[in-house]
Amino acid sequence: MDKKRVAVPLVCHGHSRPVVDLCYSPVTPDGFFLISASKDSSPMLRNGETGDWVGTFEGHKGAVWSCCLDTNALRAASGSADFTAKIWDAITGEELHSFEHKHIVRACAFSEDTHFLLTGGVEKILRIYDLNRPDSSPREVDKTPGSVRTVAWLHSDQTILSSCTDMGGVRLWDVRTGDVVRSLETKSPVTSAEVSQDGRYITTADGFTVKFWDANHFGLVKSYNMPCTVESASLEPKFGYKFIAGGEDMWIRVFDFHTGEEIACNKGHHGPVHCVRFSPGGESYASGSEDGTIRIWQTGQQTLDDVETVSANGLTGKVNVTADDVSRKIEGFHIADEGRTGQKEEVANA
C-alpha cells in the first residue's frame, strides 16, 4: 500500500488579524517576494520561497484590504480602510506616496510597466495614478455600477478589469477611452480575479464556482462547481495544468485544470481562507486565512518523512536561498517588534 502523502506547509506568523490578500512578485535577481495584507493595518513582506519575514510597512490607520508588488519588487502598494492607497519603497520600507480617497480602498494594482497604480473601492470609482507625477490628479473612471472588490491590468496595460462587491460579473475597460468593452457574466459577486502569467486566462471565483475565461476573446473556457463557497482561486503559472481554490471550509484544494477533478486537499488553517496565490514559478502556493496566518505549500507534496524540520519562517533543513539573497531587501528596512518576536519564538520552538 502506498504511503499516505500529507502536505506540510511553512506556517508564517506575524499578523495579529485576518490575512485578506496576497501577492507574489515576479522572479527578480534577488529571488521572488510575497506581500500580505491584513486587517491589522500592517502589510508584511516575505521571501517568497522560504516564507522568511523581511519587514513590515507601517503607516496605515485602518485595515489593509489589498496589496501588490511592482514587476521588479522595488515598490509595494496597499489599499486601506483609512481611505488611502500608499506606495512604499520595498527595500527600505519607507512610505513614498499616500493617495487620499473619499472612502475605503478595497483593491490596488501596479501596471505591468510599473508607471501607474490602479485603485478601486467603496466610492465606485476606478482611479489611475501616474507614479511619475504622483502629485497630479488621477484619471477617474466613474462608471462602475457597485463598490469595487478586485482590479487588474491586462493586454500590456491597455485594459483594466474590475469586479464589484454587491453584484456579479467582471467588467473590462479600455484604458484609452474609459469605456466598458466587455462584461463577463457570473451569478455571484466575483471575489477573486487573476490574469494568468502568460496573459491567456482570467481566473475568477464567484460563490461556489471557479471560472476560466479567454483573456483575449473573453469566452468562457472552463467552469467548475466547488464543494463550498470559495473566495479565491489561482491557476498554476508555468504549465497551467492545475489550479487551487480556498474558501469558507478552511481547506485549500488542488484541481486538474482540464477535468476539474480534485487532486489534493490541504488542511491546516483554523479559519476561512480568504486568498490563495501560486508563486511565479509554480513550485509552491500561499494561502491567507481568517486565523491570521499565511501557509506556503509545496506543489510537489512532501511526506512527513521527507521534511527535515519546518519552522514558522521556513525550512531549517535544505534551503536553496542564502541570507545574501535577501540582504538588499532587509538592509535599512523598518523592523516591527511583533514580527521579530513571533519569528524568534517559532524558530526557538522548531
# chains A, B, ... in the order shown; residues from 1 in each chain; ligands from 1
>>> residues_around(residues="Glu185 of chain A", least_positions_apart="5", cutoff="10 Å", atoms="only C-alpha atoms", output="ChimeraX atom specification")
/A:168-171,190,220
>>> residues_around(residues="Thr204 of chain A", least_positions_apart="3", cutoff="10 Å", atoms="only C-alpha atoms", output="PyMOL selection string")
chain A and resi 163+169-170+184+186+189-195+201+207+209-213+223+231-235
>>> write_last_selection(atoms="C-alpha atoms", output="short mmCIF file (atom, residue, chain, number, x, y, z; two decimals), in the first residue's frame")
data_model
loop_
_atom_site.label_atom_id
_atom_site.label_comp_id
_atom_site.auth_asym_id
_atom_site.auth_seq_id
_atom_site.Cartn_x
_atom_site.Cartn_y
_atom_site.Cartn_z
CA SER A 163 -15.49 43.28 -10.13
CA GLY A 169 -19.72 39.88 -13.26
CA VAL A 170 -16.38 41.27 -14.31
CA LEU A 184 -18.06 38.57 -18.13
CA THR A 186 -21.37 35.45 -13.24
CA PRO A 189 -20.09 38.59 -6.94
CA VAL A 190 -16.54 37.87 -8.07
CA THR A 191 -14.30 37.86 -5.00
CA SER A 192 -11.08 36.99 -6.85
CA ALA A 193 -9.90 37.79 -10.38
CA GLU A 194 -6.44 36.82 -11.59
CA VAL A 195 -4.83 37.30 -15.00
CA TYR A 201 -6.70 33.35 -18.98
CA GLY A 207 -19.71 31.79 -4.88
CA THR A 209 -17.84 28.41 -8.90
CA VAL A 210 -14.35 28.87 -10.35
CA LYS A 211 -14.30 30.02 -13.96
CA PHE A 212 -11.60 30.45 -16.59
CA TRP A 213 -12.09 33.00 -19.34
CA SER A 223 -16.41 26.44 -15.29
CA GLU A 231 -13.26 33.24 -2.01
CA SER A 232 -10.11 32.90 -4.11
CA ALA A 233 -8.60 30.81 -6.91
CA SER A 234 -5.28 30.76 -8.75
CA LEU A 235 -4.02 28.99 -11.88
#
>>> residues_around(residues="Asp40 of chain A", least_positions_apart="4", cutoff="7 Å", atoms="only C-alpha atoms", output="PyMOL selection string")
chain A and resi 15-17+63
>>> write_last_selection(atoms="N, CA and C atoms", output="short mmCIF file (atom, residue, chain, number, x, y, z; two decimals), in the first residue's frame")
data_model
loop_
_atom_site.label_atom_id
_atom_site.label_comp_id
_atom_site.auth_asym_id
_atom_site.auth_seq_id
_atom_site.Cartn_x
_atom_site.Cartn_y
_atom_site.Cartn_z
N HIS A 15 1.05 38.39 11.54
CA HIS A 15 -0.16 39.22 11.54
C HIS A 15 -1.00 38.88 12.77
N SER A 16 -1.63 39.92 13.31
CA SER A 16 -2.45 39.73 14.51
C SER A 16 -3.93 39.64 14.19
N ARG A 17 -4.29 39.86 12.92
CA ARG A 17 -5.68 39.77 12.49
C ARG A 17 -5.75 39.04 11.15
N ALA A 63 -7.70 48.83 8.56
CA ALA A 63 -7.48 47.53 7.92
C ALA A 63 -6.95 47.71 6.51
#
>>> residues_around(residues="segment 142-150 of chain A", least_positions_apart="6", cutoff="7 Å", atoms="only C-alpha atoms", output="tab-separated table (two decimals) with all heavy atoms, in the first residue's frame")
chain	number	residue	atom	x	y	z
A	106	ARG	N	-10.49	49.14	-1.56
A	106	ARG	CA	-10.54	47.68	-1.46
A	106	ARG	C	-9.56	46.97	-2.38
A	106	ARG	O	-9.25	45.79	-2.18
A	106	ARG	CB	-11.96	47.18	-1.80
A	106	ARG	CG	-13.00	47.41	-0.72
A	106	ARG	CD	-12.69	46.69	0.58
A	106	ARG	NE	-12.49	45.26	0.42
A	106	ARG	CZ	-13.41	44.34	0.60
A	106	ARG	NH1	-14.64	44.69	0.93
A	106	ARG	NH2	-13.13	43.05	0.47
A	107	ALA	N	-9.06	47.66	-3.42
A	107	ALA	CA	-8.23	46.96	-4.40
A	107	ALA	C	-7.21	47.92	-5.00
A	107	ALA	O	-7.48	49.12	-5.17
A	107	ALA	CB	-9.10	46.37	-5.50
A	120	GLY	N	-9.46	50.99	-6.55
A	120	GLY	CA	-10.92	50.96	-6.54
A	120	GLY	C	-11.42	50.63	-5.15
A	120	GLY	O	-10.68	50.07	-4.33
A	121	GLY	N	-12.67	50.98	-4.89
A	121	GLY	CA	-13.21	50.72	-3.56
A	121	GLY	C	-14.67	51.08	-3.44
A	121	GLY	O	-15.43	51.03	-4.41
A	122	VAL	N	-15.04	51.49	-2.24
A	122	VAL	CA	-16.44	51.74	-1.91
A	122	VAL	C	-16.99	52.96	-2.65
A	122	VAL	O	-18.21	53.07	-2.83
A	122	VAL	CB	-16.60	51.89	-0.38
A	122	VAL	CG1	-18.05	52.16	0.01
A	122	VAL	CG2	-16.12	50.62	0.32
A	123	GLU	N	-16.12	53.84	-3.12
A	123	GLU	CA	-16.59	55.03	-3.86
A	123	GLU	C	-17.19	54.70	-5.22
A	123	GLU	O	-17.79	55.57	-5.85
A	123	GLU	CB	-15.42	55.99	-4.08
A	123	GLU	CG	-14.98	56.77	-2.87
A	123	GLU	CD	-13.88	57.75	-3.23
A	123	GLU	OE1	-14.20	58.85	-3.73
A	123	GLU	OE2	-12.70	57.41	-3.04
A	124	LYS	N	-16.98	53.47	-5.70
A	124	LYS	CA	-17.46	53.06	-7.03
A	124	LYS	C	-16.73	53.80	-8.15
A	124	LYS	O	-17.28	54.03	-9.22
A	124	LYS	CB	-18.97	53.27	-7.16
A	124	LYS	CG	-19.80	52.58	-6.10
A	124	LYS	CD	-21.28	52.84	-6.31
A	124	LYS	CE	-22.11	52.20	-5.20
A	124	LYS	NZ	-23.56	52.42	-5.39
A	125	ILE	N	-15.48	54.19	-7.88
A	125	ILE	CA	-14.67	54.91	-8.87
A	125	ILE	C	-13.34	54.18	-9.04
A	125	ILE	O	-12.69	53.83	-8.05
A	125	ILE	CB	-14.40	56.36	-8.43
A	125	ILE	CG1	-15.71	57.14	-8.32
A	125	ILE	CG2	-13.45	57.06	-9.39
A	125	ILE	CD1	-15.55	58.53	-7.73
A	126	LEU	N	-12.95	53.94	-10.27
A	126	LEU	CA	-11.62	53.44	-10.57
A	126	LEU	C	-10.71	54.63	-10.82
A	126	LEU	O	-11.05	55.53	-11.59
A	126	LEU	CB	-11.64	52.54	-11.82
A	126	LEU	CG	-12.45	51.25	-11.71
A	126	LEU	CD1	-12.51	50.56	-13.07
A	126	LEU	CD2	-11.86	50.32	-10.68
A	162	SER	N	-12.39	44.95	-13.43
A	162	SER	CA	-12.84	45.16	-12.06
A	162	SER	C	-14.08	44.31	-11.80
A	162	SER	O	-14.83	43.98	-12.73
A	162	SER	CB	-13.16	46.63	-11.80
A	162	SER	OG	-14.33	47.03	-12.51
A	163	SER	N	-14.26	43.95	-10.55
A	163	SER	CA	-15.49	43.28	-10.13
A	163	SER	C	-16.05	44.05	-8.94
A	163	SER	O	-15.35	44.87	-8.32
A	163	SER	CB	-15.23	41.83	-9.75
A	163	SER	OG	-14.46	41.74	-8.56
A	164	CYS	N	-17.30	43.79	-8.62
A	164	CYS	CA	-17.98	44.54	-7.57
A	164	CYS	C	-18.35	43.64	-6.39
A	164	CYS	O	-18.58	42.43	-6.56
A	164	CYS	CB	-19.24	45.21	-8.11
A	164	CYS	SG	-18.91	46.46	-9.37
A	165	THR	N	-18.42	44.23	-5.23
A	165	THR	CA	-18.73	43.51	-4.00
A	165	THR	C	-20.17	43.02	-3.97
A	165	THR	O	-20.45	41.94	-3.45
A	165	THR	CB	-18.47	44.41	-2.78
A	165	THR	OG1	-17.11	44.84	-2.79
A	165	THR	CG2	-18.75	43.68	-1.48
A	166	ASP	N	-21.08	43.80	-4.54
A	166	ASP	CA	-22.51	43.55	-4.35
A	166	ASP	C	-23.23	43.10	-5.61
A	166	ASP	O	-24.46	43.10	-5.65
A	166	ASP	CB	-23.18	44.81	-3.78
A	166	ASP	CG	-22.73	46.08	-4.50
A	166	ASP	OD1	-21.99	45.97	-5.50
A	166	ASP	OD2	-23.11	47.17	-4.06
A	191	THR	N	-15.14	37.49	-6.14
A	191	THR	CA	-14.30	37.86	-5.00
A	191	THR	C	-12.82	37.76	-5.32
A	191	THR	O	-11.98	38.21	-4.54
A	191	THR	CB	-14.63	36.98	-3.79
A	191	THR	OG1	-14.58	35.60	-4.19
A	191	THR	CG2	-16.03	37.28	-3.27
A	192	SER	N	-12.48	37.13	-6.46
A	192	SER	CA	-11.08	36.99	-6.85
A	192	SER	C	-11.01	36.97	-8.37
A	192	SER	O	-11.77	36.24	-9.02
A	192	SER	CB	-10.49	35.70	-6.27
A	192	SER	OG	-9.20	35.42	-6.81
A	193	ALA	N	-10.12	37.77	-8.94
A	193	ALA	CA	-9.90	37.79	-10.38
A	193	ALA	C	-8.41	37.88	-10.64
A	193	ALA	O	-7.75	38.82	-10.19
A	193	ALA	CB	-10.64	38.96	-11.03
>>> atom_distance(atom1="atom CA of Cys265 of chain A", atom2="atom CA of Trp53 of chain A")
26.4 Å
>>> select_by_dssp(residues="segment 98-323 of chain A", states="strand (DSSP E or B)", output="compact mmCIF listing (two decimals) with N, CA and C atoms, in the first residue's frame")
# COMPACT_ATOMS: atom_id res chain seq x y z
N SER A 98 1.16 58.80 -0.47
CA SER A 98 -0.13 58.40 0.09
C SER A 98 -1.21 59.10 -0.72
N PHE A 99 -2.06 58.32 -1.36
CA PHE A 99 -3.10 58.87 -2.22
C PHE A 99 -4.43 58.84 -1.46
N GLU A 100 -4.98 60.02 -1.22
CA GLU A 100 -6.21 60.15 -0.45
C GLU A 100 -7.43 59.78 -1.30
N VAL A 105 -10.55 51.90 0.39
CA VAL A 105 -9.90 51.38 -0.81
C VAL A 105 -9.81 49.87 -0.66
N ARG A 106 -10.49 49.14 -1.56
CA ARG A 106 -10.54 47.68 -1.46
C ARG A 106 -9.56 46.97 -2.38
N ALA A 107 -9.06 47.66 -3.42
CA ALA A 107 -8.23 46.96 -4.40
C ALA A 107 -7.21 47.92 -5.00
N CYS A 108 -6.02 47.39 -5.32
CA CYS A 108 -4.99 48.19 -5.97
C CYS A 108 -4.12 47.26 -6.82
N ALA A 109 -3.52 47.83 -7.88
CA ALA A 109 -2.69 47.01 -8.76
C ALA A 109 -1.74 47.91 -9.53
N PHE A 110 -0.46 47.52 -9.59
CA PHE A 110 0.52 48.21 -10.42
C PHE A 110 0.32 47.81 -11.88
N PHE A 116 2.03 53.13 -13.39
CA PHE A 116 0.71 53.54 -12.92
C PHE A 116 0.21 52.64 -11.81
N LEU A 117 -0.67 53.20 -10.96
CA LEU A 117 -1.34 52.42 -9.92
C LEU A 117 -2.84 52.57 -10.12
N LEU A 118 -3.52 51.45 -10.17
CA LEU A 118 -4.98 51.40 -10.31
C LEU A 118 -5.58 51.11 -8.94
N THR A 119 -6.60 51.88 -8.57
CA THR A 119 -7.27 51.65 -7.29
C THR A 119 -8.78 51.63 -7.48
N GLY A 120 -9.46 50.99 -6.55
CA GLY A 120 -10.92 50.96 -6.54
C GLY A 120 -11.42 50.63 -5.15
N GLY A 121 -12.67 50.98 -4.89
CA GLY A 121 -13.21 50.72 -3.56
C GLY A 121 -14.67 51.08 -3.44
N LEU A 126 -12.95 53.94 -10.27
CA LEU A 126 -11.62 53.44 -10.57
C LEU A 126 -10.71 54.63 -10.82
N ARG A 127 -9.56 54.63 -10.16
CA ARG A 127 -8.60 55.73 -10.33
C ARG A 127 -7.27 55.19 -10.84
N ILE A 128 -6.66 55.91 -11.76
CA ILE A 128 -5.35 55.56 -12.29
C ILE A 128 -4.39 56.69 -11.94
N TYR A 129 -3.40 56.38 -11.10
CA TYR A 129 -2.41 57.36 -10.66
C TYR A 129 -1.14 57.22 -11.48
N ASP A 130 -0.63 58.34 -11.95
CA ASP A 130 0.64 58.37 -12.68
C ASP A 130 1.75 58.46 -11.64
N ARG A 139 -6.49 59.97 -13.06
CA ARG A 139 -7.56 59.80 -14.04
C ARG A 139 -8.64 58.94 -13.40
N GLU A 140 -9.91 59.31 -13.59
CA GLU A 140 -11.01 58.60 -12.94
C GLU A 140 -11.94 57.96 -13.96
N VAL A 141 -12.35 56.74 -13.65
CA VAL A 141 -13.37 56.04 -14.40
C VAL A 141 -14.52 55.81 -13.42
N VAL A 148 -16.18 48.53 -5.66
CA VAL A 148 -15.16 47.73 -6.35
C VAL A 148 -14.52 46.75 -5.38
N ARG A 149 -14.42 45.48 -5.81
CA ARG A 149 -13.80 44.44 -4.99
C ARG A 149 -12.42 44.06 -5.51
N THR A 150 -12.27 43.89 -6.82
CA THR A 150 -10.98 43.49 -7.40
C THR A 150 -10.66 44.35 -8.61
N VAL A 151 -9.36 44.53 -8.86
CA VAL A 151 -8.90 45.23 -10.06
C VAL A 151 -7.65 44.51 -10.59
N ALA A 152 -7.41 44.65 -11.89
CA ALA A 152 -6.21 44.06 -12.50
C ALA A 152 -5.98 44.72 -13.86
N TRP A 153 -4.74 44.62 -14.34
CA TRP A 153 -4.36 45.11 -15.66
C TRP A 153 -4.18 43.92 -16.59
N LEU A 154 -4.42 44.12 -17.88
CA LEU A 154 -4.10 43.11 -18.88
C LEU A 154 -3.90 43.78 -20.23
N THR A 159 -5.90 47.45 -21.03
CA THR A 159 -7.21 47.11 -20.50
C THR A 159 -7.12 46.93 -18.99
N ILE A 160 -8.16 47.33 -18.29
CA ILE A 160 -8.26 47.05 -16.86
C ILE A 160 -9.56 46.29 -16.60
N LEU A 161 -9.55 45.48 -15.55
CA LEU A 161 -10.77 44.77 -15.18
C LEU A 161 -11.12 45.08 -13.74
N SER A 162 -12.39 44.95 -13.43
CA SER A 162 -12.84 45.16 -12.06
C SER A 162 -14.08 44.31 -11.80
N SER A 163 -14.26 43.95 -10.55
CA SER A 163 -15.49 43.28 -10.13
C SER A 163 -16.05 44.05 -8.94
N CYS A 164 -17.30 43.79 -8.62
CA CYS A 164 -17.98 44.54 -7.57
C CYS A 164 -18.35 43.64 -6.39
N GLY A 168 -22.75 40.46 -9.47
CA GLY A 168 -21.93 39.54 -10.22
C GLY A 168 -21.26 40.19 -11.42
N GLY A 169 -20.35 39.44 -12.02
CA GLY A 169 -19.72 39.88 -13.26
C GLY A 169 -18.38 40.55 -13.09
N VAL A 170 -17.64 40.55 -14.20
CA VAL A 170 -16.38 41.27 -14.31
C VAL A 170 -16.50 42.21 -15.49
N ARG A 171 -16.12 43.45 -15.29
CA ARG A 171 -16.16 44.43 -16.38
C ARG A 171 -14.74 44.74 -16.84
N LEU A 172 -14.57 44.83 -18.16
CA LEU A 172 -13.28 45.15 -18.75
C LEU A 172 -13.37 46.51 -19.42
N TRP A 173 -12.39 47.37 -19.13
CA TRP A 173 -12.42 48.76 -19.56
C TRP A 173 -11.24 49.04 -20.49
N ASP A 174 -11.51 49.80 -21.54
CA ASP A 174 -10.44 50.30 -22.40
C ASP A 174 -9.79 51.49 -21.71
N VAL A 180 -16.45 50.60 -21.05
CA VAL A 180 -16.52 49.16 -20.85
C VAL A 180 -16.55 48.49 -22.22
N VAL A 181 -15.62 47.57 -22.47
CA VAL A 181 -15.56 46.89 -23.75
C VAL A 181 -16.18 45.50 -23.69
N ARG A 182 -16.28 44.94 -22.49
CA ARG A 182 -16.87 43.61 -22.36
C ARG A 182 -17.24 43.35 -20.90
N SER A 183 -18.28 42.57 -20.69
CA SER A 183 -18.65 42.12 -19.35
C SER A 183 -18.66 40.60 -19.34
N LEU A 184 -18.06 40.02 -18.32
CA LEU A 184 -18.06 38.57 -18.13
C LEU A 184 -19.11 38.27 -17.06
N GLU A 185 -20.14 37.52 -17.42
CA GLU A 185 -21.28 37.35 -16.54
C GLU A 185 -21.08 36.20 -15.55
N THR A 186 -21.36 36.48 -14.28
CA THR A 186 -21.37 35.45 -13.24
C THR A 186 -22.62 35.65 -12.38
N LYS A 187 -23.06 34.58 -11.74
CA LYS A 187 -24.27 34.67 -10.92
C LYS A 187 -24.01 35.39 -9.60
N SER A 188 -22.82 35.14 -9.04
CA SER A 188 -22.49 35.71 -7.73
C SER A 188 -21.38 36.75 -7.88
N PRO A 189 -21.19 37.62 -6.89
CA PRO A 189 -20.09 38.59 -6.94
C PRO A 189 -18.74 37.89 -7.06
N VAL A 190 -17.87 38.42 -7.87
CA VAL A 190 -16.54 37.87 -8.07
C VAL A 190 -15.62 38.39 -6.97
N THR A 191 -15.14 37.49 -6.14
CA THR A 191 -14.30 37.86 -5.00
C THR A 191 -12.82 37.76 -5.32
N SER A 192 -12.48 37.13 -6.46
CA SER A 192 -11.08 36.99 -6.85
C SER A 192 -11.01 36.97 -8.37
N ALA A 193 -10.12 37.77 -8.94
CA ALA A 193 -9.90 37.79 -10.38
C ALA A 193 -8.41 37.88 -10.64
N GLU A 194 -7.88 36.91 -11.35
CA GLU A 194 -6.44 36.82 -11.59
C GLU A 194 -6.18 36.65 -13.08
N VAL A 195 -5.27 37.46 -13.62
CA VAL A 195 -4.83 37.30 -15.00
C VAL A 195 -3.63 36.36 -15.00
N TYR A 201 -5.47 33.61 -19.71
CA TYR A 201 -6.70 33.35 -18.98
C TYR A 201 -6.96 34.38 -17.89
N ILE A 202 -8.24 34.56 -17.62
CA ILE A 202 -8.68 35.28 -16.42
C ILE A 202 -9.36 34.25 -15.54
N THR A 203 -8.87 34.10 -14.32
CA THR A 203 -9.43 33.14 -13.37
C THR A 203 -10.29 33.89 -12.37
N THR A 204 -11.55 33.48 -12.23
CA THR A 204 -12.45 34.15 -11.30
C THR A 204 -13.05 33.16 -10.31
N ALA A 205 -13.32 33.65 -9.13
CA ALA A 205 -14.04 32.88 -8.11
C ALA A 205 -15.30 33.64 -7.75
N ASP A 206 -16.44 32.96 -7.88
CA ASP A 206 -17.70 33.60 -7.50
C ASP A 206 -18.60 32.56 -6.86
N THR A 209 -18.35 28.68 -7.56
CA THR A 209 -17.84 28.41 -8.90
C THR A 209 -16.48 29.05 -9.14
N VAL A 210 -15.59 28.31 -9.81
CA VAL A 210 -14.35 28.87 -10.35
C VAL A 210 -14.45 28.81 -11.86
N LYS A 211 -14.19 29.94 -12.51
CA LYS A 211 -14.30 30.02 -13.96
C LYS A 211 -12.98 30.48 -14.57
N PHE A 212 -12.76 30.02 -15.81
CA PHE A 212 -11.60 30.45 -16.59
C PHE A 212 -12.08 31.03 -17.90
N TRP A 213 -11.64 32.26 -18.17
CA TRP A 213 -12.09 33.00 -19.34
C TRP A 213 -10.90 33.23 -20.28
N ASP A 214 -11.18 33.22 -21.58
CA ASP A 214 -10.17 33.59 -22.56
C ASP A 214 -9.92 35.09 -22.43
N LEU A 220 -15.97 31.97 -22.24
CA LEU A 220 -15.82 31.11 -21.06
C LEU A 220 -15.16 29.80 -21.50
N VAL A 221 -14.00 29.49 -20.94
CA VAL A 221 -13.24 28.30 -21.31
C VAL A 221 -13.60 27.11 -20.43
N LYS A 222 -13.61 27.31 -19.12
CA LYS A 222 -13.93 26.26 -18.16
C LYS A 222 -14.76 26.86 -17.02
N SER A 223 -15.64 26.05 -16.47
CA SER A 223 -16.41 26.44 -15.29
C SER A 223 -16.59 25.21 -14.42
N TYR A 224 -16.13 25.30 -13.16
CA TYR A 224 -16.21 24.14 -12.27
C TYR A 224 -16.93 24.52 -10.98
N ASN A 225 -17.83 23.66 -10.55
CA ASN A 225 -18.51 23.84 -9.28
C ASN A 225 -17.60 23.36 -8.15
N VAL A 230 -16.14 29.46 -2.36
CA VAL A 230 -14.72 29.78 -2.46
C VAL A 230 -14.56 31.29 -2.60
N GLU A 231 -13.52 31.81 -1.97
CA GLU A 231 -13.26 33.24 -2.01
C GLU A 231 -12.13 33.59 -2.96
N SER A 232 -11.28 32.60 -3.29
CA SER A 232 -10.11 32.90 -4.11
C SER A 232 -9.69 31.67 -4.89
N ALA A 233 -9.12 31.91 -6.08
CA ALA A 233 -8.60 30.81 -6.91
C ALA A 233 -7.40 31.32 -7.68
N SER A 234 -6.51 30.38 -8.05
CA SER A 234 -5.28 30.76 -8.75
C SER A 234 -4.86 29.63 -9.67
N LEU A 235 -4.44 29.97 -10.89
CA LEU A 235 -4.02 28.99 -11.88
C LEU A 235 -2.51 28.81 -11.83
N LYS A 242 -3.14 22.83 -13.50
CA LYS A 242 -3.93 22.70 -12.29
C LYS A 242 -4.19 24.06 -11.68
N PHE A 243 -5.15 24.10 -10.77
CA PHE A 243 -5.46 25.35 -10.08
C PHE A 243 -5.81 25.05 -8.64
N ILE A 244 -5.77 26.08 -7.82
CA ILE A 244 -6.08 25.96 -6.40
C ILE A 244 -7.27 26.86 -6.07
N ALA A 245 -7.98 26.49 -5.02
CA ALA A 245 -9.10 27.30 -4.56
C ALA A 245 -9.22 27.16 -3.05
N GLY A 246 -9.62 28.24 -2.40
CA GLY A 246 -9.81 28.22 -0.95
C GLY A 246 -11.01 29.05 -0.57
N GLY A 247 -11.65 28.67 0.54
CA GLY A 247 -12.85 29.39 0.95
C GLY A 247 -13.27 29.09 2.37
N ILE A 252 -7.56 24.13 1.43
CA ILE A 252 -7.06 24.56 0.13
C ILE A 252 -7.07 23.34 -0.78
N ARG A 253 -7.85 23.40 -1.81
CA ARG A 253 -8.00 22.27 -2.72
C ARG A 253 -7.24 22.51 -4.02
N VAL A 254 -6.67 21.44 -4.56
CA VAL A 254 -5.96 21.48 -5.83
C VAL A 254 -6.78 20.69 -6.85
N PHE A 255 -7.00 21.28 -8.03
CA PHE A 255 -7.84 20.67 -9.05
C PHE A 255 -7.08 20.57 -10.37
N ASP A 256 -7.46 19.57 -11.17
CA ASP A 256 -6.96 19.44 -12.53
C ASP A 256 -7.68 20.47 -13.41
N GLU A 262 -10.62 16.88 -8.34
CA GLU A 262 -9.84 17.29 -7.17
C GLU A 262 -8.61 16.39 -7.04
N ILE A 263 -7.44 16.99 -7.00
CA ILE A 263 -6.18 16.26 -6.93
C ILE A 263 -5.71 16.12 -5.48
N ALA A 264 -5.90 17.18 -4.71
CA ALA A 264 -5.42 17.19 -3.32
C ALA A 264 -6.28 18.12 -2.50
N CYS A 265 -6.28 17.89 -1.20
CA CYS A 265 -7.00 18.75 -0.26
C CYS A 265 -6.09 18.97 0.95
N ASN A 266 -5.66 20.21 1.12
CA ASN A 266 -4.70 20.54 2.17
C ASN A 266 -5.39 21.22 3.34
N VAL A 273 -10.46 30.57 4.43
CA VAL A 273 -9.34 31.01 3.59
C VAL A 273 -9.81 32.17 2.72
N HIS A 274 -9.13 33.30 2.83
CA HIS A 274 -9.53 34.50 2.09
C HIS A 274 -8.78 34.68 0.78
N CYS A 275 -7.58 34.11 0.67
CA CYS A 275 -6.79 34.35 -0.54
C CYS A 275 -5.82 33.20 -0.77
N VAL A 276 -5.65 32.84 -2.04
CA VAL A 276 -4.67 31.84 -2.45
C VAL A 276 -3.96 32.36 -3.70
N ARG A 277 -2.65 32.12 -3.79
CA ARG A 277 -1.90 32.53 -4.96
C ARG A 277 -0.73 31.58 -5.19
N PHE A 278 -0.50 31.23 -6.48
CA PHE A 278 0.67 30.47 -6.86
C PHE A 278 1.89 31.37 -6.91
N SER A 284 5.29 26.41 -5.60
CA SER A 284 4.59 26.47 -4.33
C SER A 284 3.41 27.43 -4.47
N TYR A 285 2.57 27.43 -3.45
CA TYR A 285 1.47 28.39 -3.43
C TYR A 285 1.20 28.79 -1.99
N ALA A 286 0.63 29.98 -1.82
CA ALA A 286 0.40 30.53 -0.49
C ALA A 286 -1.09 30.72 -0.25
N SER A 287 -1.47 30.60 1.01
CA SER A 287 -2.86 30.83 1.41
C SER A 287 -2.87 31.74 2.64
N GLY A 288 -3.85 32.63 2.67
CA GLY A 288 -4.03 33.54 3.80
C GLY A 288 -5.41 33.35 4.39
N SER A 289 -5.51 33.40 5.71
CA SER A 289 -6.74 32.97 6.38
C SER A 289 -7.21 33.93 7.46
N ILE A 294 -0.25 32.85 7.25
CA ILE A 294 0.00 32.54 5.85
C ILE A 294 0.64 31.16 5.83
N ARG A 295 0.19 30.31 4.94
CA ARG A 295 0.79 28.99 4.80
C ARG A 295 1.28 28.83 3.37
N ILE A 296 2.52 28.39 3.25
CA ILE A 296 3.12 28.17 1.93
C ILE A 296 3.24 26.67 1.72
N TRP A 297 2.60 26.19 0.67
CA TRP A 297 2.51 24.76 0.37
C TRP A 297 3.35 24.44 -0.85
N GLN A 298 4.10 23.37 -0.79
CA GLN A 298 4.88 22.93 -1.94
C GLN A 298 3.98 22.24 -2.95
N VAL A 310 10.57 21.95 9.97
CA VAL A 310 9.79 23.06 9.45
C VAL A 310 9.53 24.04 10.58
N SER A 311 9.86 25.30 10.34
CA SER A 311 9.59 26.34 11.33
C SER A 311 8.54 27.27 10.79
N GLY A 314 10.14 29.06 7.65
CA GLY A 314 10.77 28.37 6.54
C GLY A 314 11.45 27.09 6.97
N LEU A 315 12.02 26.40 6.01
CA LEU A 315 12.74 25.17 6.29
C LEU A 315 14.07 25.47 6.97
>>> residues_around(residues="Val27 of chain A", least_positions_apart="6", cutoff="12 Å", atoms="only C-alpha atoms", output="list in words")
Phe33, Leu34, Asn47, Gly48, Glu49, Leu69, Asp70, Thr71, Asn72, Ala73, Leu74, Gln197, Ser279, Pro280, Gly281 and Gly282 of chain A
>>> residues_around(residues="Pro18 of chain A", least_positions_apart="3", cutoff="7 Å", atoms="only C-alpha atoms", output="MDAnalysis selection string")
chainID A and resid 38:39 289:292
>>> write_last_selection(atoms="N, CA and C atoms", output="mmCIF file, in the first residue's frame")
data_model
loop_
_atom_site.group_PDB
_atom_site.id
_atom_site.type_symbol
_atom_site.label_atom_id
_atom_site.label_comp_id
_atom_site.auth_asym_id
_atom_site.auth_seq_id
_atom_site.Cartn_x
_atom_site.Cartn_y
_atom_site.Cartn_z
ATOM 1 N N SER A 38 -3.504 42.630 5.689
ATOM 2 C CA SER A 38 -4.223 42.123 6.855
ATOM 3 C C SER A 38 -5.062 43.227 7.481
ATOM 4 N N LYS A 39 -6.072 42.805 8.202
ATOM 5 C CA LYS A 39 -6.901 43.764 8.933
ATOM 6 C C LYS A 39 -6.151 44.397 10.099
ATOM 7 N N SER A 289 -5.510 33.402 5.711
ATOM 8 C CA SER A 289 -6.736 32.967 6.376
ATOM 9 C C SER A 289 -7.207 33.932 7.457
ATOM 10 N N GLU A 290 -8.451 33.703 7.847
ATOM 11 C CA GLU A 290 -9.044 34.407 8.974
ATOM 12 C C GLU A 290 -8.249 34.159 10.253
ATOM 13 N N ASP A 291 -7.501 33.054 10.300
ATOM 14 C CA ASP A 291 -6.734 32.731 11.509
ATOM 15 C C ASP A 291 -5.472 33.583 11.660
ATOM 16 N N GLY A 292 -5.201 34.479 10.701
ATOM 17 C CA GLY A 292 -4.062 35.397 10.812
ATOM 18 C C GLY A 292 -2.746 34.834 10.313
#
